Amino acid sequence: MSALIEQLHDIEGIDSISLWPLAIGWWVAIACGMLVLAASIWLLRRRLGYLRSWKRDTFKKLDSLEQNLSPSTSRETIAFLSEYLRRIAVRRFPRKECAGLVGDAWLKWLQSHDPKQFDWTVKGKLLIEIPYAPAHRELPVQQIKELIQAVRYWVC
């Protein structure tokens with residue numbers, strides 16, 4: 001029996017597991033994570049670009065209106081500003097909050113949501129009066145330019 005015991009050897013410990021190099025499963029998991037991260041960043045940037053693009057288009061339209069403003073085109077400019085302000089309001093705020101407003105209520109709503117506190121209730125009267133005004137009414141070009149500037153600030 002002692003001869004058998006002498007033939008026994010101690011158990012050798014197993015080598016510690018190294019963190020490097022990683023197994024193929026970890027490389028696949030890392031690659032999938034990086035792919036998801038890259039796709040998320042790409043989609044976010046694309047969405048933010050789209051959200052900023054309507055503002056860029058609005059500024060281009062307002063610049064064009066301001067450059068082409070004359071007494072003969074002032075009525076069309078006011079009508080466009082009125083319609084465009086409503087479109088922007090419905091885009092930026094809940095439809096229930098602003099879509100049904102008309103007249104002085106619309107101007108007060110614009111006043112309350114304007115970051116620059118432009119006096120819409122007084123200087124914005126053209127927006128609600130011009131569609132119903134006589135065709136021969138003289139329109140102040142300077143006041144229309146102020147309205148264009150106010151719309152530009154309101155969009156920001």
# chains A, B, ... in the order shown; residues from 1 in each chain; ligands from 1
call {"tool": "residues_around", "arguments": {"residues": "Glu66 in chain A", "least_positions_apart": "4", "cutoff": "10 Å", "atoms": "only C-alpha atoms", "output": "mmCIF file with C-alpha atoms, in the first residue's frame"}}
result
data_model
loop_
_atom_site.group_PDB
_atom_site.id
_atom_site.type_symbol
_atom_site.label_atom_id
_atom_site.label_comp_id
_atom_site.auth_asym_id
_atom_site.auth_seq_id
_atom_site.Cartn_x
_atom_site.Cartn_y
_atom_site.Cartn_z
ATOM 1 C CA LYS A 60 -34.648 82.059 -45.469
ATOM 2 C CA LYS A 61 -38.312 82.807 -46.166
ATOM 3 C CA LEU A 62 -38.315 85.735 -43.742
ATOM 4 C CA SER A 70 -42.627 96.989 -51.052
ATOM 5 C CA SER A 74 -47.120 94.359 -48.199
ATOM 6 C CA THR A 77 -46.496 89.669 -46.829
ATOM 7 C CA VAL A 141 -43.589 99.160 -44.517
ATOM 8 C CA ILE A 144 -44.188 95.174 -41.438
ATOM 9 C CA LYS A 145 -40.394 94.955 -41.103
ATOM 10 C CA GLU A 146 -40.803 95.042 -37.319
ATOM 11 C CA ILE A 148 -40.865 90.152 -39.699
ATOM 12 C CA GLN A 149 -38.165 90.699 -37.062
#
call {"tool": "residues_around", "arguments": {"residues": "Asp104 in chain A", "least_positions_apart": "2", "cutoff": "9 Å", "atoms": "only C-alpha atoms", "output": "PyMOL selection string"}}
result
chain A and resi 101-102+106-109+121+125+128
call {"tool": "write_last_selection", "arguments": {"atoms": "N, CA and C atoms", "output": "compact mmCIF listing (two decimals), in the first residue's frame"}}
result
# COMPACT_ATOMS: atom_id res chain seq x y z
N LEU A 101 -57.41 79.72 -31.76
CA LEU A 101 -57.38 81.12 -31.34
C LEU A 101 -57.55 82.06 -32.53
N VAL A 102 -58.33 83.11 -32.35
CA VAL A 102 -58.54 84.12 -33.39
C VAL A 102 -58.54 85.49 -32.75
N TRP A 106 -55.62 85.44 -30.15
CA TRP A 106 -54.42 84.95 -30.85
C TRP A 106 -53.22 85.86 -30.55
N LEU A 107 -53.44 87.17 -30.60
CA LEU A 107 -52.34 88.10 -30.33
C LEU A 107 -51.87 88.02 -28.88
N LYS A 108 -52.81 87.85 -27.95
CA LYS A 108 -52.43 87.70 -26.54
C LYS A 108 -51.65 86.42 -26.33
N TRP A 109 -52.05 85.36 -27.03
CA TRP A 109 -51.32 84.10 -26.92
C TRP A 109 -49.90 84.26 -27.45
N THR A 121 -50.02 92.56 -29.09
CA THR A 121 -51.39 93.07 -28.98
C THR A 121 -51.56 94.44 -29.62
N LYS A 125 -51.48 93.99 -34.60
CA LYS A 125 -52.87 94.17 -35.06
C LYS A 125 -53.01 94.00 -36.57
N ILE A 128 -54.32 90.60 -37.90
CA ILE A 128 -55.74 90.24 -37.85
C ILE A 128 -56.63 91.24 -38.58
call {"tool": "select_by_dssp", "arguments": {"residues": "range 1-149 of chain A", "states": "helix (DSSP H, G or I)", "output": "MDAnalysis selection string"}}
result
chainID A and resid 2:7 24:67 74:92 95:98 103:112 120:123 125:132 141:149
call {"tool": "residues_around", "arguments": {"residues": "Thr73 in chain A", "least_positions_apart": "5", "cutoff": "10 Å", "atoms": "only C-alpha atoms", "output": "list in words"}}
result
Leu65, Asn68, Ile78, Leu139 and Val141 of chain A
call {"tool": "closest_residue", "arguments": {"among": "A:Arg92, A:Ser16, A:Pro131, A:Tyr84", "to": "Phe59 in chain A", "atoms": "only C-alpha atoms"}}
result
A:Tyr84
call {"tool": "closest_residue", "arguments": {"among": "A:Ser72, A:Arg56, A:Trp154, A:Pro21", "to": "Asp119 in chain A", "atoms": "only C-alpha atoms"}}
result
A:Trp154
call {"tool": "atom_distance", "arguments": {"atom1": "CA of Gln111 in chain A", "atom2": "CA of Val90 in chain A"}}
result
15.5 Å
call {"tool": "residues_around", "arguments": {"residues": "Leu85 in chain A", "least_positions_apart": "4", "cutoff": "8 Å", "atoms": "only C-alpha atoms", "output": "PDB file with all heavy atoms, in the first residue's frame"}}
result
ATOM      1  N   LEU A  81     -47.263  86.116 -43.281  1.00  0.00           N
ATOM      2  CA  LEU A  81     -46.778  86.091 -41.897  1.00  0.00           C
ATOM      3  C   LEU A  81     -47.840  85.532 -40.949  1.00  0.00           C
ATOM      4  O   LEU A  81     -47.533  84.735 -40.060  1.00  0.00           O
ATOM      5  CB  LEU A  81     -46.370  87.489 -41.444  1.00  0.00           C
ATOM      6  CG  LEU A  81     -45.052  88.031 -41.961  1.00  0.00           C
ATOM      7  CD1 LEU A  81     -44.855  89.462 -41.485  1.00  0.00           C
ATOM      8  CD2 LEU A  81     -43.909  87.169 -41.534  1.00  0.00           C
ATOM      9  N   ALA A  89     -46.734  77.895 -34.727  1.00  0.00           N
ATOM     10  CA  ALA A  89     -47.323  77.705 -33.399  1.00  0.00           C
ATOM     11  C   ALA A  89     -47.865  76.294 -33.237  1.00  0.00           C
ATOM     12  O   ALA A  89     -47.646  75.639 -32.203  1.00  0.00           O
ATOM     13  CB  ALA A  89     -48.429  78.726 -33.163  1.00  0.00           C
ATOM     14  N   VAL A 151     -41.265  87.927 -35.780  1.00  0.00           N
ATOM     15  CA  VAL A 151     -41.473  86.519 -36.138  1.00  0.00           C
ATOM     16  C   VAL A 151     -40.147  85.778 -36.095  1.00  0.00           C
ATOM     17  O   VAL A 151     -40.068  84.639 -35.608  1.00  0.00           O
ATOM     18  CB  VAL A 151     -42.143  86.394 -37.532  1.00  0.00           C
ATOM     19  CG1 VAL A 151     -42.169  84.952 -37.994  1.00  0.00           C
ATOM     20  CG2 VAL A 151     -43.547  86.958 -37.490  1.00  0.00           C
TER      21      VAL A 151
END
